[in-house]
$ cat structure-v1.tsv   # TSV, C-alpha atoms
chain	number	residue	atom	x	y	z
A	816	ASP	CA	0.00	0.00	0.00
A	817	VAL	CA	1.05	3.63	-0.54
A	818	TYR	CA	0.44	6.24	2.16
A	819	LYS	CA	1.09	9.94	1.61
A	820	ARG	CA	2.49	12.31	4.20
A	821	GLN	CA	2.58	16.12	4.24
A	822	GLY	CA	6.32	16.57	4.70
A	823	ASP	CA	6.54	16.58	8.49
A	824	GLY	CA	7.20	13.99	11.17
A	825	VAL	CA	3.71	14.02	12.69
A	826	GLU	CA	1.98	13.26	9.40
A	827	ALA	CA	4.59	10.62	8.57
A	828	VAL	CA	3.97	8.83	11.87
A	829	ASN	CA	0.20	9.07	11.39
A	830	ALA	CA	0.54	7.46	7.97
A	831	TYR	CA	2.81	4.78	9.45
A	832	ASN	CA	0.33	3.93	12.21
A	833	LEU	CA	-2.44	3.59	9.65
A	834	ALA	CA	-0.24	1.35	7.53
A	835	LYS	CA	0.54	-0.83	10.56
A	836	GLU	CA	-3.15	-1.43	11.06
A	837	ASN	CA	-3.23	-2.86	7.55
A	838	GLY	CA	-0.45	-5.34	8.28
A	839	ILE	CA	2.64	-3.90	6.61
A	840	THR	CA	5.99	-5.60	7.23
A	841	ALA	CA	8.36	-2.85	6.00
A	842	VAL	CA	8.40	0.87	5.17
A	843	ILE	CA	9.95	2.76	2.27
A	844	GLY	CA	10.27	6.45	3.12
A	845	SER	CA	10.17	9.17	3.85
A	846	VAL	CA	11.75	11.58	1.36
A	847	LEU	CA	12.84	14.60	3.40
A	848	THR	CA	15.03	14.51	6.50
A	849	GLY	CA	12.58	15.88	9.08
A	850	ALA	CA	9.74	13.52	8.22
A	851	THR	CA	12.12	10.57	7.95
A	852	ILE	CA	13.59	11.14	11.43
A	853	GLY	CA	10.10	11.35	12.92
A	854	LEU	CA	9.15	8.15	11.14
A	855	ALA	CA	12.38	6.45	12.21
A	856	ASP	CA	11.60	7.16	15.86
A	857	ALA	CA	8.37	5.21	15.44
A	858	THR	CA	9.70	2.33	13.34
A	859	TYR	CA	12.64	1.83	15.70
A	860	GLU	CA	10.29	1.21	18.61
A	861	ASP	CA	8.56	-1.51	16.55
A	862	ASN	CA	11.77	-2.84	14.94
A	863	MET	CA	10.03	-2.28	11.61
A	864	PRO	CA	12.41	-2.39	8.61
A	865	GLN	CA	12.63	1.08	7.02
A	866	ILE	CA	14.60	2.40	4.05
A	867	THR	CA	14.82	5.91	2.64
A	868	ALA	CA	16.22	6.78	-0.75
A	869	SER	CA	16.97	10.42	-0.02
A	870	ALA	CA	16.99	11.49	3.66
A	871	THR	CA	20.60	12.51	4.27
A	872	ALA	CA	20.80	13.66	7.92
A	873	THR	CA	23.02	11.63	10.23
A	874	GLY	CA	20.11	11.45	12.68
A	875	VAL	CA	18.12	9.21	10.35
A	876	THR	CA	20.16	6.14	11.28
A	877	VAL	CA	21.88	7.28	14.49
A	878	MET	CA	20.18	8.98	17.44
A	879	GLU	CA	22.32	12.08	17.81
A	880	ASP	CA	21.55	12.65	21.50
A	881	THR	CA	22.61	9.14	22.58
A	882	GLY	CA	24.66	7.79	19.65
A	883	GLU	CA	22.40	4.74	19.54
A	884	VAL	CA	22.16	3.16	16.08
A	885	ARG	CA	18.73	2.50	14.62
A	886	THR	CA	19.48	-1.02	13.42
A	887	ASN	CA	16.19	-1.23	11.50
A	888	VAL	CA	16.72	1.90	9.38
A	889	PHE	CA	18.70	2.04	6.13
A	890	ARG	CA	19.35	4.62	3.42
A	891	ALA	CA	20.44	4.53	-0.24
A	892	CYS	CA	22.23	7.88	-0.30
A	893	PHE	CA	25.12	9.81	1.21
A	894	ILE	CA	24.88	11.81	4.46
A	895	ASP	CA	24.94	15.53	5.23
A	896	PRO	CA	28.51	15.72	6.59
A	897	PHE	CA	29.72	14.26	3.27
A	898	GLN	CA	27.83	16.89	1.29
A	899	GLY	CA	29.05	19.82	3.37
A	900	GLN	CA	32.64	18.61	3.28
A	901	LYS	CA	32.68	17.96	-0.46
A	902	MET	CA	31.21	21.36	-1.31
A	903	ALA	CA	33.87	23.13	0.76
A	904	ASP	CA	36.53	21.04	-0.97
A	905	TYR	CA	35.01	21.82	-4.36
A	906	ALA	CA	34.92	25.55	-3.63
A	907	VAL	CA	38.63	25.64	-2.86
A	908	GLU	CA	40.07	22.94	-5.10
A	909	LYS	CA	37.95	23.38	-8.23
A	910	LEU	CA	36.75	26.99	-8.05
A	911	GLY	CA	39.77	28.53	-6.32
A	912	ALA	CA	37.54	30.30	-3.80
A	913	LYS	CA	39.14	32.26	-0.98
A	914	THR	CA	36.01	33.63	0.70
A	915	ALA	CA	32.51	32.26	1.27
A	916	ALA	CA	29.14	33.25	2.66
A	917	ILE	CA	26.51	30.85	4.00
A	918	PHE	CA	22.72	31.07	3.79
A	919	TYR	CA	20.79	28.41	5.69
A	920	GLU	CA	17.42	27.56	7.27
A	921	THR	CA	17.26	27.65	11.07
A	922	GLY	CA	15.68	24.66	12.78
A	923	SER	CA	16.18	22.38	9.78
A	924	ASP	CA	18.19	19.23	10.51
A	925	TYR	CA	19.10	19.03	6.84
A	926	SER	CA	20.20	22.63	6.41
A	927	GLU	CA	22.08	22.91	9.69
A	928	GLY	CA	23.77	19.53	9.15
A	929	LEU	CA	25.24	20.61	5.81
A	930	LYS	CA	26.12	24.05	7.10
A	931	ASN	CA	28.02	22.72	10.12
A	932	ALA	CA	30.04	20.27	8.04
A	933	PHE	CA	30.84	22.98	5.49
A	934	VAL	CA	32.11	25.33	8.22
A	935	VAL	CA	34.42	22.69	9.69
A	936	GLU	CA	35.90	21.76	6.31
A	937	ALA	CA	36.15	25.39	5.21
A	938	GLU	CA	38.29	26.17	8.25
A	939	ARG	CA	40.51	23.17	7.50
A	940	MET	CA	40.89	24.25	3.86
A	941	GLY	CA	41.58	27.91	4.69
A	942	LEU	CA	38.31	29.12	3.15
A	943	GLU	CA	37.26	32.29	5.01
A	944	ILE	CA	33.58	32.59	5.97
A	945	VAL	CA	32.87	36.31	5.58
A	946	ASP	CA	29.14	36.23	6.37
A	947	THR	CA	26.49	33.82	7.64
A	948	GLU	CA	22.81	34.60	7.11
A	949	ALA	CA	19.73	32.59	8.05
A	950	PHE	CA	15.98	32.44	7.54
A	951	ALA	CA	13.06	30.80	9.29
A	952	THR	CA	10.91	28.09	7.74
A	953	GLY	CA	8.22	29.68	5.60
A	954	ASP	CA	10.13	32.89	4.86
A	955	LYS	CA	10.09	33.98	1.20
A	956	ASP	CA	11.67	37.45	1.26
A	957	PHE	CA	15.45	37.20	1.35
A	958	LYS	CA	16.35	40.72	0.20
A	959	ALA	CA	17.91	41.77	3.53
A	960	GLN	CA	20.09	38.66	3.86
A	961	MET	CA	21.24	38.78	0.24
A	962	THR	CA	22.02	42.50	0.51
A	963	ASN	CA	24.25	41.70	3.50
A	964	ILE	CA	25.97	38.92	1.60
A	965	ALA	CA	26.47	41.07	-1.50
A	966	SER	CA	28.15	43.74	0.63
A	967	LYS	CA	30.82	41.21	1.67
A	968	ASN	CA	31.56	40.25	-1.97
A	969	PRO	CA	32.29	36.54	-1.32
A	970	ASP	CA	33.68	34.27	-4.02
A	971	ILE	CA	31.00	31.66	-3.35
A	972	VAL	CA	27.72	31.42	-1.44
A	973	PHE	CA	26.86	28.04	0.09
A	974	CYS	CA	23.12	27.49	0.46
A	975	PRO	CA	22.29	24.15	2.12
A	976	ILE	CA	18.55	24.59	1.50
A	977	TYR	CA	15.81	23.24	-0.78
A	978	TYR	CA	15.27	24.35	-4.37
A	979	GLY	CA	12.21	26.60	-3.91
A	980	GLU	CA	13.87	28.84	-1.34
A	981	ALA	CA	17.18	28.54	-3.21
A	982	GLY	CA	15.64	29.98	-6.36
A	983	LEU	CA	14.19	32.93	-4.45
A	984	ALA	CA	17.48	33.51	-2.65
A	985	ILE	CA	19.50	33.50	-5.86
A	986	GLN	CA	17.07	35.91	-7.51
A	987	ALA	CA	17.34	38.25	-4.51
A	988	ALA	CA	21.13	37.95	-4.53
A	989	ARG	CA	21.43	38.89	-8.20
A	990	GLN	CA	19.09	41.84	-7.67
A	991	ALA	CA	21.33	42.95	-4.78
A	992	GLY	CA	24.36	42.85	-7.06
A	993	CYS	CA	25.88	39.61	-5.77
A	994	THR	CA	27.96	37.96	-8.51
A	995	ALA	CA	29.25	35.04	-6.44
A	996	THR	CA	28.98	31.41	-7.52
A	997	PHE	CA	26.24	29.59	-5.62
A	998	LEU	CA	26.79	26.10	-4.23
A	999	GLY	CA	24.15	23.77	-2.82
A	1000	GLY	CA	23.43	20.25	-1.64
A	1001	ASP	CA	21.14	17.64	-3.14
A	1002	GLY	CA	18.16	19.78	-2.05
A	1003	PHE	CA	18.96	22.09	-4.99
A	1004	GLY	CA	17.74	19.40	-7.41
A	1005	SER	CA	14.96	21.37	-9.17
A	1006	VAL	CA	16.28	24.90	-8.63
A	1007	LYS	CA	16.25	25.47	-12.40
A	1008	ASP	CA	12.46	25.76	-12.15
A	1009	TYR	CA	12.69	28.65	-9.68
A	1010	ALA	CA	15.27	31.00	-11.23
A	1011	SER	CA	16.43	31.95	-14.71
A	1012	ALA	CA	19.36	30.37	-16.54
A	1013	GLU	CA	21.25	33.66	-16.29
A	1014	GLU	CA	20.74	33.84	-12.53
A	1015	LEU	CA	21.86	30.22	-12.09
A	1016	GLU	CA	24.93	30.46	-14.31
A	1017	GLY	CA	27.86	28.65	-12.67
A	1018	LEU	CA	25.80	27.17	-9.82
A	1019	SER	CA	27.15	23.84	-8.58
A	1020	LEU	CA	25.40	21.21	-6.50
A	1021	ILE	CA	26.18	17.81	-5.08
A	1022	HIS	CA	23.90	14.92	-5.87
A	1023	ILE	CA	23.57	11.18	-5.58
A	1024	SER	CA	24.81	9.31	-8.65
A	1025	GLU	CA	21.90	8.79	-11.02
A	1026	PRO	CA	23.23	7.23	-14.24
A	1027	THR	CA	19.71	6.70	-15.61
A	1028	ARG	CA	18.98	10.44	-15.75
A	1029	GLN	CA	20.70	10.98	-19.12
A	1030	ALA	CA	24.02	11.56	-17.37
A	1031	GLU	CA	22.71	14.95	-16.16
A	1032	ILE	CA	23.86	14.00	-12.67
A	1033	SER	CA	26.80	11.71	-12.07
A	1034	TYR	CA	29.25	11.10	-9.25
A	1035	ALA	CA	29.19	13.94	-6.77
A	1036	VAL	CA	29.14	17.45	-8.22
A	1037	PHE	CA	27.80	19.00	-11.39
A	1038	CYS	CA	27.84	22.58	-12.51
A	1039	LEU	CA	25.18	24.52	-14.44
A	1040	LYS	CA	26.79	26.04	-17.53
A	1041	LYS	CA	25.66	27.07	-20.96
A	1042	LYS	CA	23.91	24.32	-22.87
A	1043	LYS	CA	26.82	23.34	-25.10
A	1044	GLU	CA	29.35	23.17	-22.29
A	1045	LYS	CA	30.05	19.94	-20.44
A	1046	LYS	CA	29.10	19.71	-16.80
A	1047	LYS	CA	32.01	19.88	-14.36
A	1048	GLN	CA	32.24	16.78	-12.21
A	1049	LEU	CA	34.08	15.87	-9.06
A	1050	LYS	CA	34.33	12.10	-8.75
A	1051	LYS	CA	34.15	10.46	-5.37
$ encode --input "structure-v1.tsv" --output "structure tokens"
Amino acid sequence: DVYKRQGDGVEAVNAYNLAKENGITAVIGSVLTGATIGLADATYEDNMPQITASATATGVTVMEDTGEVRTNVFRACFIDPFQGQKMADYAVEKLGAKTAAIFYETGSDYSEGLKNAFVVEAERMGLEIVDTEAFATGDKDFKAQMTNIASKNPDIVFCPIYYGEAGLAIQAARQAGCTATFLGGDGFGSVKDYASAEELEGLSLIHISEPTRQAEISYAVFCLKKKKEKKKQLKK
């Protein structure tokens, strides 16, 4: 059976409890980190097998407050610390960046997980963080934050957020005069639907290897360039 959830942990658990009543023996899901962690809390108590294809937070499989491993939960993707680390490496090693700004969502396990890993690796790589801006869930106006970032003139802006907000943020940044290259995690996947090609020029994001998607995404990092140019890739 297929049960839909509304993107949060409460709805995911409600759907799970309904599915249990119908005799399920395993769960596939959820998609996003927050809902998956909420669901994992419930399935762990029942020792119900669970697998997610896309929830990347460390807390999906390991309880971060106790370090206890959820032995019933599995994932088919990388984790947030990997994404944050690789994007900091990419900024320095492939783009030659010296300075960076960060724009993230407060209270989001996904966003804060990537941001924290990026900061640690940036310090190790000598990448200076010149500004850190944040927004609350549900915010859509990012003019103030992007104006602050533009004033610092960073080489790159790391946005560990999802594509809808990313598109709005990039639009606001360009309007504020920010010419930096934007970097994101796998949550950037459909950002092309939320900003123009000109605004997204040079943007790079990390993604799970998907060889069936016409080689649009492969290995770890690809870069949005003009149509005729090959995508830049950073192999694992």
$ residues_around --input "structure-v1.tsv" --residues "Ala959 in chain A" --least-positions-apart "3" --cutoff "10 Å" --atoms "all atoms listed in the file" --output "PDB file with C-alpha atoms, in the frame of the given file"
ATOM      1  CA  GLU A 948      22.810  34.600   7.110  1.00  0.00           C
ATOM      2  CA  ASP A 956      11.670  37.450   1.260  1.00  0.00           C
ATOM      3  CA  THR A 962      22.020  42.500   0.510  1.00  0.00           C
ATOM      4  CA  ASN A 963      24.250  41.700   3.500  1.00  0.00           C
ATOM      5  CA  ILE A 964      25.970  38.920   1.600  1.00  0.00           C
ATOM      6  CA  ALA A 965      26.470  41.070  -1.500  1.00  0.00           C
ATOM      7  CA  ALA A 987      17.340  38.250  -4.510  1.00  0.00           C
ATOM      8  CA  ALA A 988      21.130  37.950  -4.530  1.00  0.00           C
ATOM      9  CA  ALA A 991      21.330  42.950  -4.780  1.00  0.00           C
TER      10      ALA A 991
END
$ closest_residue --input "structure-v1.tsv" --among "A:Tyr905, A:Tyr919, A:Phe950, A:Tyr859" --to "Thr886 in chain A" --atoms "only C-alpha atoms"
A:Tyr859
$ residues_around --input "structure-v1.tsv" --residues "range 998-1015 of chain A" --least-positions-apart "2" --cutoff "10 Å" --atoms "all atoms listed in the file" --output "PyMOL selection string"
chain A and resi 847+869+871+893+895+897-899+901-903+905-906+917-918+925-926+929-930+971-990+994-996+1017-1023+1032+1035-1036+1038-1042
$ closest_residue --input "structure-v1.tsv" --among "A:Gly882, A:Pro864, A:Gly844, A:Gly911" --to "Ala830 in chain A" --atoms "all atoms listed in the file"
A:Gly844
$ atom_distance --input "structure-v1.tsv" --atom1 "CA of Glu936 in chain A" --atom2 "CA of Gln900 in chain A"
5.5 Å
$ axis_aligned_box --input "structure-v1.tsv" --around "range 963-972 of chain A" --padding-each-side "4 Å" --output "lines of an AutoDock Vina configuration file"
center_x = 29.0
center_y = 37.6
center_z = -0.3
size_x = 17.4
size_y = 20.3
size_z = 15.5
$ closest_residue --input "structure-v1.tsv" --among "A:Gly928, A:Thr851, A:Ser966, A:Thr921" --to "Gln865 in chain A" --atoms "all atoms listed in the file"
A:Thr851
$ closest_residue --input "structure-v1.tsv" --among "A:Thr848, A:Thr867, A:Asn887, A:Asn968" --to "Ser923 in chain A" --atoms "all atoms listed in the file"
A:Thr848
$ decode --input "structure-v1.tsv" --residues "range 950-993 of chain A" --atoms "N, CA and C atoms" --output "PDB file, in the first residue's frame"
ATOM      1  N   PHE A 950      17.406  32.112   7.669  1.00  0.00           N
ATOM      2  CA  PHE A 950      15.984  32.441   7.540  1.00  0.00           C
ATOM      3  C   PHE A 950      15.171  31.381   8.261  1.00  0.00           C
ATOM      4  N   ALA A 951      13.955  31.728   8.622  1.00  0.00           N
ATOM      5  CA  ALA A 951      13.055  30.799   9.294  1.00  0.00           C
ATOM      6  C   ALA A 951      12.192  30.075   8.276  1.00  0.00           C
ATOM      7  N   THR A 952      11.774  28.869   8.615  1.00  0.00           N
ATOM      8  CA  THR A 952      10.906  28.092   7.737  1.00  0.00           C
ATOM      9  C   THR A 952       9.668  28.898   7.367  1.00  0.00           C
ATOM     10  N   GLY A 953       9.379  28.935   6.084  1.00  0.00           N
ATOM     11  CA  GLY A 953       8.221  29.680   5.605  1.00  0.00           C
ATOM     12  C   GLY A 953       8.544  31.054   5.064  1.00  0.00           C
ATOM     13  N   ASP A 954       9.728  31.581   5.373  1.00  0.00           N
ATOM     14  CA  ASP A 954      10.126  32.891   4.856  1.00  0.00           C
ATOM     15  C   ASP A 954      10.299  32.831   3.336  1.00  0.00           C
ATOM     16  N   LYS A 955       9.952  33.914   2.660  1.00  0.00           N
ATOM     17  CA  LYS A 955      10.095  33.979   1.204  1.00  0.00           C
ATOM     18  C   LYS A 955      10.843  35.233   0.741  1.00  0.00           C
ATOM     19  N   ASP A 956      10.990  36.199   1.610  1.00  0.00           N
ATOM     20  CA  ASP A 956      11.666  37.447   1.258  1.00  0.00           C
ATOM     21  C   ASP A 956      13.087  37.434   1.815  1.00  0.00           C
ATOM     22  N   PHE A 957      14.057  37.330   0.914  1.00  0.00           N
ATOM     23  CA  PHE A 957      15.454  37.203   1.347  1.00  0.00           C
ATOM     24  C   PHE A 957      16.299  38.419   0.950  1.00  0.00           C
ATOM     25  N   LYS A 958      15.636  39.527   0.671  1.00  0.00           N
ATOM     26  CA  LYS A 958      16.346  40.719   0.204  1.00  0.00           C
ATOM     27  C   LYS A 958      17.389  41.190   1.221  1.00  0.00           C
ATOM     28  N   ALA A 959      16.996  41.257   2.504  1.00  0.00           N
ATOM     29  CA  ALA A 959      17.912  41.766   3.533  1.00  0.00           C
ATOM     30  C   ALA A 959      19.154  40.890   3.655  1.00  0.00           C
ATOM     31  N   GLN A 960      18.946  39.564   3.719  1.00  0.00           N
ATOM     32  CA  GLN A 960      20.090  38.659   3.864  1.00  0.00           C
ATOM     33  C   GLN A 960      21.010  38.716   2.649  1.00  0.00           C
ATOM     34  N   MET A 961      20.418  38.760   1.448  1.00  0.00           N
ATOM     35  CA  MET A 961      21.240  38.780   0.245  1.00  0.00           C
ATOM     36  C   MET A 961      21.957  40.116   0.069  1.00  0.00           C
ATOM     37  N   THR A 962      21.348  41.203   0.542  1.00  0.00           N
ATOM     38  CA  THR A 962      22.025  42.495   0.513  1.00  0.00           C
ATOM     39  C   THR A 962      23.248  42.473   1.421  1.00  0.00           C
ATOM     40  N   ASN A 963      23.108  41.843   2.589  1.00  0.00           N
ATOM     41  CA  ASN A 963      24.253  41.704   3.505  1.00  0.00           C
ATOM     42  C   ASN A 963      25.359  40.877   2.873  1.00  0.00           C
ATOM     43  N   ILE A 964      24.975  39.782   2.242  1.00  0.00           N
ATOM     44  CA  ILE A 964      25.972  38.918   1.603  1.00  0.00           C
ATOM     45  C   ILE A 964      26.664  39.649   0.462  1.00  0.00           C
ATOM     46  N   ALA A 965      25.886  40.339  -0.359  1.00  0.00           N
ATOM     47  CA  ALA A 965      26.470  41.065  -1.496  1.00  0.00           C
ATOM     48  C   ALA A 965      27.491  42.095  -1.034  1.00  0.00           C
ATOM     49  N   SER A 966      27.241  42.701   0.119  1.00  0.00           N
ATOM     50  CA  SER A 966      28.152  43.738   0.628  1.00  0.00           C
ATOM     51  C   SER A 966      29.508  43.174   1.012  1.00  0.00           C
ATOM     52  N   LYS A 967      29.561  41.851   1.290  1.00  0.00           N
ATOM     53  CA  LYS A 967      30.824  41.208   1.667  1.00  0.00           C
ATOM     54  C   LYS A 967      31.579  40.665   0.455  1.00  0.00           C
ATOM     55  N   ASN A 968      30.933  40.663  -0.710  1.00  0.00           N
ATOM     56  CA  ASN A 968      31.555  40.255  -1.968  1.00  0.00           C
ATOM     57  C   ASN A 968      32.292  38.908  -1.874  1.00  0.00           C
ATOM     58  N   PRO A 969      31.617  37.853  -1.433  1.00  0.00           N
ATOM     59  CA  PRO A 969      32.285  36.541  -1.324  1.00  0.00           C
ATOM     60  C   PRO A 969      32.507  35.918  -2.700  1.00  0.00           C
ATOM     61  N   ASP A 970      33.453  35.007  -2.773  1.00  0.00           N
ATOM     62  CA  ASP A 970      33.681  34.266  -4.016  1.00  0.00           C
ATOM     63  C   ASP A 970      32.553  33.280  -4.279  1.00  0.00           C
ATOM     64  N   ILE A 971      32.084  32.636  -3.216  1.00  0.00           N
ATOM     65  CA  ILE A 971      30.999  31.663  -3.352  1.00  0.00           C
ATOM     66  C   ILE A 971      29.988  31.867  -2.229  1.00  0.00           C
ATOM     67  N   VAL A 972      28.757  31.425  -2.473  1.00  0.00           N
ATOM     68  CA  VAL A 972      27.715  31.418  -1.441  1.00  0.00           C
ATOM     69  C   VAL A 972      27.202  29.988  -1.321  1.00  0.00           C
ATOM     70  N   PHE A 973      27.340  29.404  -0.145  1.00  0.00           N
ATOM     71  CA  PHE A 973      26.864  28.042   0.089  1.00  0.00           C
ATOM     72  C   PHE A 973      25.480  28.106   0.698  1.00  0.00           C
ATOM     73  N   CYS A 974      24.511  27.484   0.020  1.00  0.00           N
ATOM     74  CA  CYS A 974      23.116  27.490   0.462  1.00  0.00           C
ATOM     75  C   CYS A 974      22.627  26.062   0.676  1.00  0.00           C
ATOM     76  N   PRO A 975      22.759  25.516   1.864  1.00  0.00           N
ATOM     77  CA  PRO A 975      22.285  24.154   2.122  1.00  0.00           C
ATOM     78  C   PRO A 975      20.782  24.137   2.388  1.00  0.00           C
ATOM     79  N   ILE A 976      19.995  24.464   1.364  1.00  0.00           N
ATOM     80  CA  ILE A 976      18.546  24.587   1.495  1.00  0.00           C
ATOM     81  C   ILE A 976      17.871  23.894   0.318  1.00  0.00           C
ATOM     82  N   TYR A 977      16.540  23.897   0.297  1.00  0.00           N
ATOM     83  CA  TYR A 977      15.811  23.242  -0.785  1.00  0.00           C
ATOM     84  C   TYR A 977      15.558  24.204  -1.947  1.00  0.00           C
ATOM     85  N   TYR A 978      15.258  23.614  -3.100  1.00  0.00           N
ATOM     86  CA  TYR A 978      15.268  24.349  -4.366  1.00  0.00           C
ATOM     87  C   TYR A 978      14.328  25.547  -4.443  1.00  0.00           C
ATOM     88  N   GLY A 979      13.137  25.477  -3.841  1.00  0.00           N
ATOM     89  CA  GLY A 979      12.210  26.596  -3.910  1.00  0.00           C
ATOM     90  C   GLY A 979      12.781  27.848  -3.276  1.00  0.00           C
ATOM     91  N   GLU A 980      13.262  27.708  -2.042  1.00  0.00           N
ATOM     92  CA  GLU A 980      13.873  28.837  -1.342  1.00  0.00           C
ATOM     93  C   GLU A 980      15.191  29.235  -2.005  1.00  0.00           C
ATOM     94  N   ALA A 981      15.908  28.248  -2.540  1.00  0.00           N
ATOM     95  CA  ALA A 981      17.180  28.540  -3.210  1.00  0.00           C
ATOM     96  C   ALA A 981      16.967  29.448  -4.414  1.00  0.00           C
ATOM     97  N   GLY A 982      15.927  29.153  -5.204  1.00  0.00           N
ATOM     98  CA  GLY A 982      15.642  29.983  -6.362  1.00  0.00           C
ATOM     99  C   GLY A 982      15.334  31.419  -5.971  1.00  0.00           C
ATOM    100  N   LEU A 983      14.520  31.587  -4.931  1.00  0.00           N
ATOM    101  CA  LEU A 983      14.185  32.925  -4.446  1.00  0.00           C
ATOM    102  C   LEU A 983      15.423  33.649  -3.913  1.00  0.00           C
ATOM    103  N   ALA A 984      16.274  32.913  -3.208  1.00  0.00           N
ATOM    104  CA  ALA A 984      17.484  33.506  -2.646  1.00  0.00           C
ATOM    105  C   ALA A 984      18.435  33.964  -3.739  1.00  0.00           C
ATOM    106  N   ILE A 985      18.593  33.156  -4.769  1.00  0.00           N
ATOM    107  CA  ILE A 985      19.501  33.504  -5.862  1.00  0.00           C
ATOM    108  C   ILE A 985      18.966  34.706  -6.634  1.00  0.00           C
ATOM    109  N   GLN A 986      17.669  34.743  -6.855  1.00  0.00           N
ATOM    110  CA  GLN A 986      17.068  35.906  -7.505  1.00  0.00           C
ATOM    111  C   GLN A 986      17.346  37.174  -6.702  1.00  0.00           C
ATOM    112  N   ALA A 987      17.118  37.097  -5.381  1.00  0.00           N
ATOM    113  CA  ALA A 987      17.342  38.248  -4.507  1.00  0.00           C
ATOM    114  C   ALA A 987      18.808  38.651  -4.497  1.00  0.00           C
ATOM    115  N   ALA A 988      19.689  37.662  -4.536  1.00  0.00           N
ATOM    116  CA  ALA A 988      21.127  37.945  -4.534  1.00  0.00           C
ATOM    117  C   ALA A 988      21.542  38.686  -5.794  1.00  0.00           C
ATOM    118  N   ARG A 989      21.065  38.229  -6.939  1.00  0.00           N
ATOM    119  CA  ARG A 989      21.428  38.888  -8.198  1.00  0.00           C
ATOM    120  C   ARG A 989      20.886  40.314  -8.227  1.00  0.00           C
ATOM    121  N   GLN A 990      19.685  40.504  -7.709  1.00  0.00           N
ATOM    122  CA  GLN A 990      19.092  41.843  -7.670  1.00  0.00           C
ATOM    123  C   GLN A 990      19.870  42.765  -6.733  1.00  0.00           C
ATOM    124  N   ALA A 991      20.518  42.170  -5.724  1.00  0.00           N
ATOM    125  CA  ALA A 991      21.325  42.951  -4.783  1.00  0.00           C
ATOM    126  C   ALA A 991      22.742  43.193  -5.294  1.00  0.00           C
ATOM    127  N   GLY A 992      23.050  42.640  -6.472  1.00  0.00           N
ATOM    128  CA  GLY A 992      24.363  42.845  -7.060  1.00  0.00           C
ATOM    129  C   GLY A 992      25.391  41.796  -6.719  1.00  0.00           C
ATOM    130  N   CYS A 993      24.958  40.692  -6.123  1.00  0.00           N
ATOM    131  CA  CYS A 993      25.882  39.607  -5.772  1.00  0.00           C
ATOM    132  C   CYS A 993      26.227  38.802  -7.022  1.00  0.00           C
TER     133      CYS A 993
END
